[in-house]
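J.: What follows is protein_10.cif, mmCIF, C-alpha atoms.
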data_data
#
loop_
_atom_site.label_atom_id
_atom_site.label_comp_id
_atom_site.auth_asym_id
_atom_site.auth_seq_id
_atom_site.Cartn_x
_atom_site.Cartn_y
_atom_site.Cartn_z
CA MET D 24 73.60 60.31 84.73
CA LYS D 25 77.41 60.27 84.93
CA LYS D 26 77.59 60.70 81.17
CA LEU D 27 75.20 63.66 81.36
CA LEU D 28 77.25 65.28 84.14
CA GLY D 29 80.43 64.73 82.12
CA ILE D 30 78.92 66.48 79.11
CA LEU D 31 77.71 69.33 81.34
CA PHE D 32 81.16 69.82 82.92
CA MET D 33 82.77 69.69 79.48
CA LEU D 34 80.42 72.40 78.19
CA LEU D 35 81.03 74.50 81.29
CA GLY D 36 84.77 74.09 80.79
CA ILE D 37 84.51 75.25 77.20
CA SER D 38 82.45 78.25 78.32
CA VAL D 39 85.01 79.20 80.96
CA LEU D 40 87.86 78.90 78.47
CA ALA D 41 85.99 81.04 75.96
CA ASN D 42 85.72 83.86 78.49
CA GLN D 43 89.36 83.76 79.53
CA GLU D 44 91.64 86.53 78.35
CA ASN D 45 94.36 85.46 75.94
CA VAL D 46 98.05 85.82 76.62
CA ILE D 47 99.48 89.04 75.17
CA GLU D 48 103.14 89.22 74.23
CA TYR D 49 105.08 92.44 73.77
CA THR D 50 108.60 92.21 72.36
CA HIS D 51 110.68 95.32 72.82
CA ILE D 52 113.00 95.92 69.88
CA ARG D 53 114.66 99.31 70.35
CA ASN D 54 113.60 102.88 71.16
CA ALA D 55 109.80 102.95 70.63
CA THR D 56 109.91 99.96 68.26
CA GLY D 57 108.08 96.88 69.46
CA ILE D 58 106.08 93.88 68.31
CA LEU D 59 102.67 93.32 69.85
CA ASN D 60 101.08 89.87 69.58
CA TYR D 61 97.46 90.72 70.27
CA GLY D 62 94.07 89.45 69.15
CA GLY D 63 95.64 86.86 66.88
CA LYS D 64 97.70 89.48 65.03
CA LYS D 65 101.38 90.37 65.01
CA ILE D 66 101.66 94.15 64.92
CA LEU D 67 104.88 96.12 64.49
CA ILE D 68 104.98 99.52 66.19
CA ASP D 69 107.10 102.52 65.14
CA PRO D 70 109.84 100.70 63.19
CA PHE D 71 113.29 102.29 63.46
CA PHE D 72 115.80 99.97 61.79
CA ALA D 73 118.85 102.13 60.99
CA ASP D 74 122.32 100.73 61.66
CA LYS D 75 124.19 102.03 64.69
CA ASP D 76 125.85 105.45 64.14
CA SER D 77 124.44 105.76 60.59
CA MET D 78 122.47 108.99 61.16
CA GLU D 79 123.26 112.48 62.38
CA GLY D 80 121.96 113.57 65.78
CA PHE D 81 118.77 115.60 65.85
CA PRO D 82 119.83 119.26 65.50
CA GLY D 83 119.00 121.63 68.34
CA THR D 84 118.52 118.80 70.82
CA TYR D 85 120.46 117.42 73.76
CA ASN D 86 123.75 115.73 72.79
CA SER D 87 123.14 116.47 69.10
CA GLU D 88 126.79 115.81 68.21
CA ALA D 89 126.21 112.08 68.80
CA LYS D 90 125.39 109.75 65.93
CA ASN D 91 122.05 107.92 65.88
CA PRO D 92 121.12 105.25 66.68
CA LEU D 93 123.41 104.93 69.68
CA ILE D 94 122.93 101.17 69.89
CA PRO D 95 122.39 98.38 67.32
CA LEU D 96 119.24 96.38 66.74
CA PRO D 97 119.05 93.25 68.93
CA MET D 98 118.17 91.05 65.94
CA ALA D 99 118.15 91.12 62.15
CA LYS D 100 115.63 93.41 60.46
CA GLU D 101 114.31 90.48 58.46
CA LYS D 102 113.52 88.58 61.65
CA ILE D 103 111.65 91.55 63.08
CA VAL D 104 109.31 91.90 60.10
CA LYS D 105 108.76 88.18 59.54
CA GLY D 106 105.08 87.33 59.81
CA ILE D 107 103.85 90.80 60.72
CA ASP D 108 100.20 91.52 59.90
CA ALA D 109 100.31 95.32 60.20
CA VAL D 110 102.45 98.31 61.15
CA ILE D 111 101.41 101.23 63.32
CA VAL D 112 103.32 104.48 62.77
CA THR D 113 102.42 106.94 65.53
CA HIS D 114 104.23 109.70 63.61
CA THR D 115 106.90 109.97 60.96
CA HIS D 116 109.90 111.30 62.88
CA GLU D 117 112.95 109.29 61.82
CA ASP D 118 113.27 107.45 65.14
CA HIS D 119 109.78 106.02 64.60
CA TRP D 120 109.71 105.54 60.81
CA ASP D 121 113.06 105.59 59.04
CA LYS D 122 114.32 104.87 55.54
CA THR D 123 115.75 101.49 56.52
CA ALA D 124 112.37 100.37 57.86
CA GLN D 125 110.68 101.61 54.69
CA ASP D 126 113.11 99.58 52.60
CA THR D 127 112.69 96.45 54.73
CA ILE D 128 108.91 96.24 55.18
CA ASN D 129 106.90 94.66 52.37
CA LYS D 130 105.09 97.41 50.45
CA ASN D 131 101.78 95.50 50.64
CA THR D 132 101.80 95.43 54.46
CA PRO D 133 98.90 97.42 55.96
CA ILE D 134 100.19 100.62 57.62
CA TYR D 135 98.10 102.55 60.15
CA VAL D 136 98.79 106.26 60.67
CA GLN D 137 97.48 109.30 62.51
CA HIS D 138 96.17 111.53 59.70
CA GLU D 139 95.91 112.12 55.96
CA LYS D 140 99.25 113.95 55.77
CA ASP D 141 101.15 110.91 57.05
CA LYS D 142 99.02 108.65 54.85
CA GLU D 143 99.98 110.61 51.73
CA LEU D 144 103.66 110.59 52.72
CA ILE D 145 103.78 106.83 53.24
CA LEU D 146 101.83 106.18 50.04
CA SER D 147 104.47 108.29 48.25
CA GLN D 148 107.11 105.93 49.69
CA GLY D 149 105.57 103.05 47.74
CA PHE D 150 103.25 101.47 50.31
CA LYS D 151 99.94 100.27 48.90
CA ASP D 152 97.66 99.91 51.93
CA VAL D 153 97.73 102.89 54.30
CA LYS D 154 94.84 103.67 56.65
CA VAL D 155 94.16 106.54 59.06
CA VAL D 156 93.29 105.43 62.60
CA GLY D 157 89.97 106.80 63.87
CA ASN D 158 87.75 105.91 66.82
CA ASP D 159 86.78 102.47 65.55
CA THR D 160 89.42 101.20 63.13
CA LYS D 161 89.63 97.43 62.67
CA ILE D 162 92.52 95.02 62.29
CA GLY D 163 90.68 91.71 62.25
CA ASN D 164 88.79 91.58 65.53
CA ILE D 165 90.96 94.32 67.05
CA THR D 166 89.58 97.83 67.47
CA LEU D 167 92.08 100.69 67.29
CA THR D 168 91.28 104.13 68.66
CA LYS D 169 93.49 107.14 68.00
CA THR D 170 94.36 109.22 71.08
CA LYS D 171 95.74 112.71 71.42
CA GLY D 172 99.11 113.80 72.74
CA GLN D 173 101.45 116.75 72.44
CA HIS D 174 105.09 116.31 71.46
CA GLY D 175 106.33 119.23 73.59
CA THR D 176 105.13 122.11 75.73
CA ASP D 177 102.60 124.81 74.90
CA THR D 178 105.47 127.32 74.81
CA MET D 179 107.27 125.28 72.16
CA TYR D 180 104.18 125.08 69.98
CA LYS D 181 103.81 128.87 70.04
CA VAL D 182 106.99 129.09 67.92
CA PRO D 183 105.89 128.19 64.37
CA GLN D 184 109.23 126.73 63.25
CA VAL D 185 109.45 124.57 66.38
CA ALA D 186 105.81 123.49 66.10
CA GLN D 187 106.47 122.38 62.54
CA VAL D 188 109.46 120.26 63.58
CA LEU D 189 107.65 118.70 66.53
CA GLY D 190 104.50 118.07 64.52
CA GLU D 191 101.73 115.78 65.70
CA ALA D 192 102.02 112.32 67.25
CA MET D 193 99.19 110.00 68.14
CA GLY D 194 98.70 107.35 70.77
CA VAL D 195 96.59 104.23 70.20
CA VAL D 196 94.20 102.19 72.33
CA PHE D 197 93.87 98.48 71.45
CA ARG D 198 90.71 96.59 72.36
CA ALA D 199 89.37 93.15 71.45
CA GLU D 200 86.97 90.62 72.88
CA ASN D 201 88.58 88.48 75.60
CA GLU D 202 91.71 90.65 75.47
CA LYS D 203 93.20 93.13 77.89
CA THR D 204 92.99 96.77 76.82
CA ILE D 205 96.34 98.34 75.85
CA TYR D 206 97.20 102.03 75.59
CA ILE D 207 100.30 102.99 73.62
CA VAL D 208 100.83 106.57 74.75
CA GLY D 209 103.23 107.69 72.00
CA ASP D 210 105.52 110.72 71.95
CA THR D 211 103.85 113.20 74.28
CA ILE D 212 104.37 115.07 77.50
CA TRP D 213 101.86 114.61 80.33
CA ARG D 214 98.56 116.19 79.28
CA LYS D 215 94.95 116.08 80.42
CA SER D 216 94.25 114.20 77.20
CA VAL D 217 96.46 111.37 78.50
CA GLU D 218 94.56 111.32 81.79
CA ASP D 219 91.27 111.26 79.88
CA VAL D 220 92.32 108.16 77.91
CA VAL D 221 93.22 106.32 81.11
CA THR D 222 89.96 107.39 82.76
CA ASP D 223 87.76 106.53 79.78
CA TYR D 224 89.32 103.25 78.61
CA LYS D 225 90.81 101.92 81.87
CA PRO D 226 93.69 100.16 80.11
CA ASP D 227 95.16 97.03 81.67
CA ILE D 228 98.56 97.73 80.07
CA ILE D 229 100.16 101.07 79.22
CA ILE D 230 103.27 101.41 77.04
CA MET D 231 104.97 104.76 77.73
CA ASN D 232 107.78 106.59 75.97
CA THR D 233 109.82 107.76 78.96
CA GLY D 234 113.27 108.72 77.65
CA GLN D 235 112.71 112.42 78.44
CA ALA D 236 114.03 113.58 75.07
CA GLU D 237 114.96 117.26 75.33
CA PHE D 238 115.99 120.31 73.38
CA ALA D 239 119.58 121.47 73.83
CA GLN D 240 120.53 123.02 77.15
CA ASN D 241 121.23 126.35 75.44
CA SER D 242 117.75 126.52 73.89
CA ASP D 243 115.35 129.29 74.80
CA PHE D 244 112.88 126.95 76.48
CA GLU D 245 112.84 126.74 80.27
CA GLU D 246 111.13 123.33 80.11
CA LYS D 247 113.01 121.32 77.51
CA ALA D 248 111.38 117.87 77.52
CA ILE D 249 109.36 116.78 74.49
CA ILE D 250 108.35 113.34 75.80
CA MET D 251 107.75 111.89 79.26
CA GLY D 252 110.35 110.92 81.85
CA LYS D 253 110.69 109.22 85.22
CA LEU D 254 108.38 111.60 87.09
CA ASP D 255 105.67 110.93 84.52
CA LEU D 256 106.13 107.19 85.03
CA GLU D 257 105.60 107.65 88.77
CA ARG D 258 102.60 109.86 88.05
CA MET D 259 101.05 107.21 85.80
CA TYR D 260 101.79 104.53 88.39
CA LYS D 261 99.69 106.49 90.89
CA PHE D 262 97.05 107.67 88.43
CA ALA D 263 96.37 104.13 87.15
CA PRO D 264 96.97 101.99 90.26
CA LYS D 265 95.76 98.70 88.74
CA THR D 266 97.57 99.06 85.41
CA LYS D 267 100.82 97.44 84.29
CA ILE D 268 103.26 99.89 82.71
CA VAL D 269 106.00 99.24 80.15
CA ALA D 270 108.59 102.03 79.86
CA VAL D 271 110.43 102.36 76.52
CA HIS D 272 112.12 104.95 74.22
CA MET D 273 115.47 105.08 76.04
CA ASP D 274 119.19 104.60 75.29
CA THR D 275 118.81 104.79 71.49
CA THR D 276 118.83 108.40 70.29
CA ASN D 277 120.98 111.41 71.17
CA HIS D 278 118.20 113.52 72.69
CA ASN D 279 117.02 111.02 75.31
CA THR D 280 118.29 112.24 78.69
CA LEU D 281 116.97 109.34 80.80
CA THR D 282 118.57 105.91 80.58
CA ARG D 283 117.08 102.55 81.47
CA LYS D 284 119.65 102.15 84.22
CA GLU D 285 118.65 105.47 85.77
CA LEU D 286 114.96 104.65 85.50
CA ARG D 287 115.42 101.25 87.15
CA THR D 288 117.27 102.94 90.01
CA PHE D 289 114.42 105.46 90.33
CA ILE D 290 111.87 102.64 90.43
CA GLU D 291 113.85 100.95 93.20
CA VAL D 292 114.27 104.15 95.22
CA LYS D 293 110.57 104.98 94.89
CA ASN D 294 109.68 101.40 95.83
CA LEU D 295 107.45 100.93 92.79
CA ASP D 296 106.13 97.41 92.31
CA THR D 297 108.27 95.68 89.67
CA ASN D 298 105.38 93.28 89.01
CA ARG D 299 103.58 96.34 87.64
CA VAL D 300 106.40 98.36 86.05
CA PHE D 301 108.67 96.95 83.35
CA VAL D 302 111.77 98.47 81.74
CA PRO D 303 112.61 95.91 79.05
CA ASN D 304 115.96 95.34 77.43
CA ASP D 305 116.17 95.30 73.65
CA GLY D 306 114.90 91.97 72.39
CA GLU D 307 113.13 91.16 75.67
CA LYS D 308 109.63 89.61 75.61
CA ILE D 309 106.97 90.40 78.19
CA LYS D 310 103.85 88.25 78.53
CA PHE D 311 100.66 89.50 80.15
#
How does the structure come out when it is put into structure tokens?
T.:
Amino acid sequence: MKKLLGILFMLLGISVLANQENVIEYTHIRNATGILNYGGKKILIDPFFADKDSMEGFPGTYNSEAKNPLIPLPMAKEKIVKGIDAVIVTHTHEDHWDKTAQDTINKNTPIYVQHEKDKELILSQGFKDVKVVGNDTKIGNITLTKTKGQHGTDTMYKVPQVAQVLGEAMGVVFRAENEKTIYIVGDTIWRKSVEDVVTDYKPDIIIMNTGQAEFAQNSDFEEKAIIMGKLDLERMYKFAPKTKIVAVHMDTTNHNTLTRKELRTFIEVKNLDTNRVFVPNDGEKIKF
């Protein structure tokens, strides 16, 4: 009888363990670049590997006279790409997919992009395995779903030259059995489409680009932000009250107007729960 009970408890224990969610690890690299260990895969997001001060500032944007990136990588490029299974490129602006990253990443690495135009571009850069993310795109047992955003205001997109520069940028939802659901929002301002993703997928973790990158102060646009900022973080905190939020895309490029220091002060002043909201340093790992 004791032996039978022991076998029963052992089987129950195995069953419980099988239904437990796995530990997810997000390593913040710099800007919107991060490494996500999820579903047994190591996935690199929006690689931006340029050396400090090696690029011109983005013309027509805030503080454009500064050289990009403003800060160095926290570790060697070769260490970042070691062992990666795939790369997700939310869009091909230089601070998400630059020449140094293209030269560093193995050309046989699977790359996942938002549409055919980006696929053709990255294929032309010598990469062999480029896929467009849809509603049910697989990386092993992981399901990727492309989400919509808008990299600026409606007013900006009414100007054809500006719309062309801003382009399109996707977000991505990650799902897998026995894993928390993750929503990488991407370069977007707050839109109903963002709310719809949170409502439909109920993500456990949201990674937001909150540097409030802006056009230059002398631009014709009254609202100048082209990605989210601190007020959007607070809005998401309230809109998704059970979700953990990671705020990134700060301190690296000339056009970001919100710093990590300022955002941390805002979080403290607003009394937001720091067990729910994270503002990682470069190289910092967060486990969920």
J.: Mind checking which residues fall within 6 Å of range 62-79 of chain D, counting all atoms listed in the file, ignoring those fewer than 2 positions away in the same chain, and posting them as a PyMOL selection string?
T.: chain D and resi 56-60+90-95+107-112+118-121+123-124
J.: Kindly save the residues from that selection, with C-alpha atoms included, as a short mmCIF file (atom, residue, chain, number, x, y, z; two decimals), in the coordinates of the input.
T.:
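Writing done, so here's again_36.cif:
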data_model
loop_
_atom_site.label_atom_id
_atom_site.label_comp_id
_atom_site.auth_asym_id
_atom_site.auth_seq_id
_atom_site.Cartn_x
_atom_site.Cartn_y
_atom_site.Cartn_z
CA THR D 56 109.91 99.96 68.26
CA GLY D 57 108.08 96.88 69.46
CA ILE D 58 106.08 93.88 68.31
CA LEU D 59 102.67 93.32 69.85
CA ASN D 60 101.08 89.87 69.58
CA LYS D 90 125.39 109.75 65.93
CA ASN D 91 122.05 107.92 65.88
CA PRO D 92 121.12 105.25 66.68
CA LEU D 93 123.41 104.93 69.68
CA ILE D 94 122.93 101.17 69.89
CA PRO D 95 122.39 98.38 67.32
CA ILE D 107 103.85 90.80 60.72
CA ASP D 108 100.20 91.52 59.90
CA ALA D 109 100.31 95.32 60.20
CA VAL D 110 102.45 98.31 61.15
CA ILE D 111 101.41 101.23 63.32
CA VAL D 112 103.32 104.48 62.77
CA ASP D 118 113.27 107.45 65.14
CA HIS D 119 109.78 106.02 64.60
CA TRP D 120 109.71 105.54 60.81
CA ASP D 121 113.06 105.59 59.04
CA THR D 123 115.75 101.49 56.52
CA ALA D 124 112.37 100.37 57.86
#
J.: For Glu88 in chain D, list every protein, DNA or RNA residue within 10 Å, evaluated using all atoms listed in the file, and leave out those in the same chain fewer than 5 positions away; present the list as an MDAnalysis selection string.
T.: chainID D and resid 79:83 277:278
J.: Restricting the calculation to all atoms listed in the file: of D:Ile145, D:Val271, D:Leu254, D:Ala55, which residue gets closest to Ile290 in chain D?
T.: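 Residue with the minimum atom-to-atom distance to Ile290 in chain D: D:Leu254.
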J.: Within 6 Å of range 205-224 of chain D, which residues of range 81-199 of chain D come that close, and what is the closest atom pair and distance in Å for each? Count only C-alpha atoms and give it as CSV.
T.:
residue,atom,partner,partner_atom,distance
D:Gly172,CA,D:Thr211,CA,5.0
D:Gln173,CA,D:Thr211,CA,4.7
D:His174,CA,D:Thr211,CA,4.4
D:Gly194,CA,D:Val208,CA,4.6
D:Val195,CA,D:Ile207,CA,5.2
D:Val196,CA,D:Tyr206,CA,4.4
D:Phe197,CA,D:Ile205,CA,5.0
J.: Could you write out as a list in words the residues that the PyMOL selection byres ((chain D and resi 179) around 12) matches in the shown file?
T.: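 So the PyMOL selection byres ((chain D and resi 179) around 12), applied here, picks out Gln173, His174, Gly175, Thr176, Asp177, Thr178, Tyr180, Lys181, Val182, Pro183, Gln184, Val185, Ala186, Gln187, Val188, Leu189, Gly190, Ile212, Glu237, Phe238, Ser242, Asp243, Phe244, Glu245, Glu246, Lys247, Ala248 and Ile249 of chain D.
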J.: Please rebuild range 233-248 of chain D with N, CA, C and O atoms and give the result as a PDB file, keeping the file's coordinate frame.
T.:
ATOM      1  N   THR D 233     109.374 107.057  77.744  1.00  0.00           N
ATOM      2  CA  THR D 233     109.820 107.760  78.960  1.00  0.00           C
ATOM      3  C   THR D 233     111.294 108.167  78.923  1.00  0.00           C
ATOM      4  O   THR D 233     111.923 108.318  79.966  1.00  0.00           O
ATOM      5  N   GLY D 234     111.851 108.365  77.739  1.00  0.00           N
ATOM      6  CA  GLY D 234     113.270 108.720  77.650  1.00  0.00           C
ATOM      7  C   GLY D 234     113.587 110.165  77.955  1.00  0.00           C
ATOM      8  O   GLY D 234     114.747 110.563  77.986  1.00  0.00           O
ATOM      9  N   GLN D 235     112.553 110.982  78.193  1.00  0.00           N
ATOM     10  CA  GLN D 235     112.710 112.420  78.440  1.00  0.00           C
ATOM     11  C   GLN D 235     113.653 113.054  77.405  1.00  0.00           C
ATOM     12  O   GLN D 235     114.657 113.677  77.748  1.00  0.00           O
ATOM     13  N   ALA D 236     113.301 112.897  76.135  1.00  0.00           N
ATOM     14  CA  ALA D 236     114.030 113.580  75.070  1.00  0.00           C
ATOM     15  C   ALA D 236     113.885 115.091  75.274  1.00  0.00           C
ATOM     16  O   ALA D 236     112.810 115.570  75.645  1.00  0.00           O
ATOM     17  N   GLU D 237     114.971 115.832  75.033  1.00  0.00           N
ATOM     18  CA  GLU D 237     114.960 117.260  75.330  1.00  0.00           C
ATOM     19  C   GLU D 237     115.635 118.073  74.228  1.00  0.00           C
ATOM     20  O   GLU D 237     116.492 117.572  73.490  1.00  0.00           O
ATOM     21  N   PHE D 238     115.242 119.352  74.175  1.00  0.00           N
ATOM     22  CA  PHE D 238     115.990 120.310  73.380  1.00  0.00           C
ATOM     23  C   PHE D 238     117.339 120.567  74.054  1.00  0.00           C
ATOM     24  O   PHE D 238     117.551 120.221  75.224  1.00  0.00           O
ATOM     25  N   ALA D 239     118.248 121.180  73.309  1.00  0.00           N
ATOM     26  CA  ALA D 239     119.580 121.470  73.830  1.00  0.00           C
ATOM     27  C   ALA D 239     119.508 122.367  75.057  1.00  0.00           C
ATOM     28  O   ALA D 239     118.577 123.165  75.218  1.00  0.00           O
ATOM     29  N   GLN D 240     120.512 122.238  75.916  1.00  0.00           N
ATOM     30  CA  GLN D 240     120.530 123.020  77.150  1.00  0.00           C
ATOM     31  C   GLN D 240     120.589 124.520  76.892  1.00  0.00           C
ATOM     32  O   GLN D 240     120.134 125.304  77.712  1.00  0.00           O
ATOM     33  N   ASN D 241     121.139 124.921  75.757  1.00  0.00           N
ATOM     34  CA  ASN D 241     121.230 126.350  75.440  1.00  0.00           C
ATOM     35  C   ASN D 241     120.016 126.864  74.673  1.00  0.00           C
ATOM     36  O   ASN D 241     120.034 127.982  74.154  1.00  0.00           O
ATOM     37  N   SER D 242     118.963 126.070  74.577  1.00  0.00           N
ATOM     38  CA  SER D 242     117.750 126.520  73.890  1.00  0.00           C
ATOM     39  C   SER D 242     117.022 127.554  74.735  1.00  0.00           C
ATOM     40  O   SER D 242     117.289 127.719  75.920  1.00  0.00           O
ATOM     41  N   ASP D 243     116.080 128.219  74.124  1.00  0.00           N
ATOM     42  CA  ASP D 243     115.350 129.290  74.800  1.00  0.00           C
ATOM     43  C   ASP D 243     114.252 128.780  75.724  1.00  0.00           C
ATOM     44  O   ASP D 243     113.630 129.568  76.438  1.00  0.00           O
ATOM     45  N   PHE D 244     114.006 127.489  75.711  1.00  0.00           N
ATOM     46  CA  PHE D 244     112.880 126.950  76.480  1.00  0.00           C
ATOM     47  C   PHE D 244     113.309 126.583  77.896  1.00  0.00           C
ATOM     48  O   PHE D 244     114.288 125.860  78.090  1.00  0.00           O
ATOM     49  N   GLU D 245     112.539 127.067  78.865  1.00  0.00           N
ATOM     50  CA  GLU D 245     112.840 126.740  80.270  1.00  0.00           C
ATOM     51  C   GLU D 245     112.580 125.253  80.519  1.00  0.00           C
ATOM     52  O   GLU D 245     113.380 124.564  81.146  1.00  0.00           O
ATOM     53  N   GLU D 246     111.431 124.758  80.051  1.00  0.00           N
ATOM     54  CA  GLU D 246     111.130 123.330  80.110  1.00  0.00           C
ATOM     55  C   GLU D 246     111.508 122.737  78.760  1.00  0.00           C
ATOM     56  O   GLU D 246     110.986 123.137  77.729  1.00  0.00           O
ATOM     57  N   LYS D 247     112.410 121.776  78.762  1.00  0.00           N
ATOM     58  CA  LYS D 247     113.010 121.320  77.510  1.00  0.00           C
ATOM     59  C   LYS D 247     112.498 119.962  77.025  1.00  0.00           C
ATOM     60  O   LYS D 247     112.741 119.584  75.886  1.00  0.00           O
ATOM     61  N   ALA D 248     111.788 119.224  77.878  1.00  0.00           N
ATOM     62  CA  ALA D 248     111.380 117.870  77.520  1.00  0.00           C
ATOM     63  C   ALA D 248     110.277 117.864  76.476  1.00  0.00           C
ATOM     64  O   ALA D 248     109.337 118.673  76.538  1.00  0.00           O
TER      65      ALA D 248
END
